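A short worksheet on the structure shown next.
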Amino acid sequence: MTPLTTEHLTIRPFTLEDAPFILRLLNEPSFIDNIADKGVRDLDQARDYLRGGPLASYAANGHGLWLVAHAGTGNPMGMCGLIRRDILPELDLGYAFCPEYWGLGYAREAAKACLAWGRATLGLQGVLAIVSPGNTASTRLLEDLAFQHMGKRELTPGDPVEVYRVAFE
C-alpha cells in the first residue's frame, strides 16, 4: 500500500519498528476501556501484536489497521484502517488515537481517508463500525461520517457493541 496523505496526516502500514508506539497506545486506559485489553505489556509483546494483527492482515487481505502520523512532524498519533472480521459481513472501520490528539479532527480526517481508499481501491459498497456502549465520542464521529446505527450485537458472548454502517452511493 502506498501511504495515504491528507492535509495533516500520513497514514501508512505499520512496521515492527512501530512497537514502542503500539505498546503505548494499547496501554492507554481509553484503549483498554473502549476497545480491549490486548495484554501487551512489553516491546516483544508489541512486536507479536503487530505480527499477528496488522502485518498478518496486510498479508492476508492487502489492508488492515495503519499507523496515523502527523504529516509535518512524523509523530505517531494513532491508528486507523479497514479490518476484515470473520464475524462481520463487511469490512469494519477501526481507529484509536492517543488522548492528546482527541478533539482536533485527526480521527475524522484519518477515517475519511481510509473510507475513501476502501471505496476507490476495494470497490466497497459500505463499511461497518463497532462501538462500545457509552463511547459517545466515537458515536459522534461515526454519525458525522454518515454512519447509521444498525443496532446492538454481541461479537463475543456477554460483550455487546453498537453496530453502525455507512453505505456508499
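Note on naming: chains are A, B, ... as they come in the C-alpha cells, residues start from 1 per chain, ligands start from 1 in the order shown.
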
I'd like to know which residues of range 12-67 of chain A are strand (DSSP E or B) (by DSSP, run on the backbone); could you write them as a PyMOL selection string? chain A and resi 12-13+65-67

Find, counting only C-alpha atoms, the residue in A:Ala71, A:Ile83, A:Leu55, A:Ala96 that gets nearest to Thr10 in chain A. A:Ala71

Filtered DSSP result for chain A, state helix (DSSP H, G or I), as a count of residues only: 65

Pick from A:Val161, A:Cys98, A:Leu124, A:Leu67 nearest to Glu17 in chain A, counting only C-alpha atoms: A:Leu67

For Leu145 in chain A, list every protein, DNA or RNA residue within 8 Å, evaluated using only C-alpha atoms, and leave out those in the same chain fewer than 5 positions away; present the list as a list in words.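 Contacts, with the query itself left out: Arg108, Lys112 and Val166 of chain A.
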
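Considering only C-alpha atoms, the residue among A:Ala19, A:Val131, A:Ile35, A:Met1 positioned nearest to Tyr58 in chain A is A:Met1.
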
Quick one: residues within 9 Å of Gly53 in chain A, only C-alpha atoms, excluding same-chain residues fewer than 4 positions away - as a list in words?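 Near neighbours after the sequence-gap exclusion: Asp48, Tyr49, Ser57, Tyr58, Gly64 and Leu65 of chain A.
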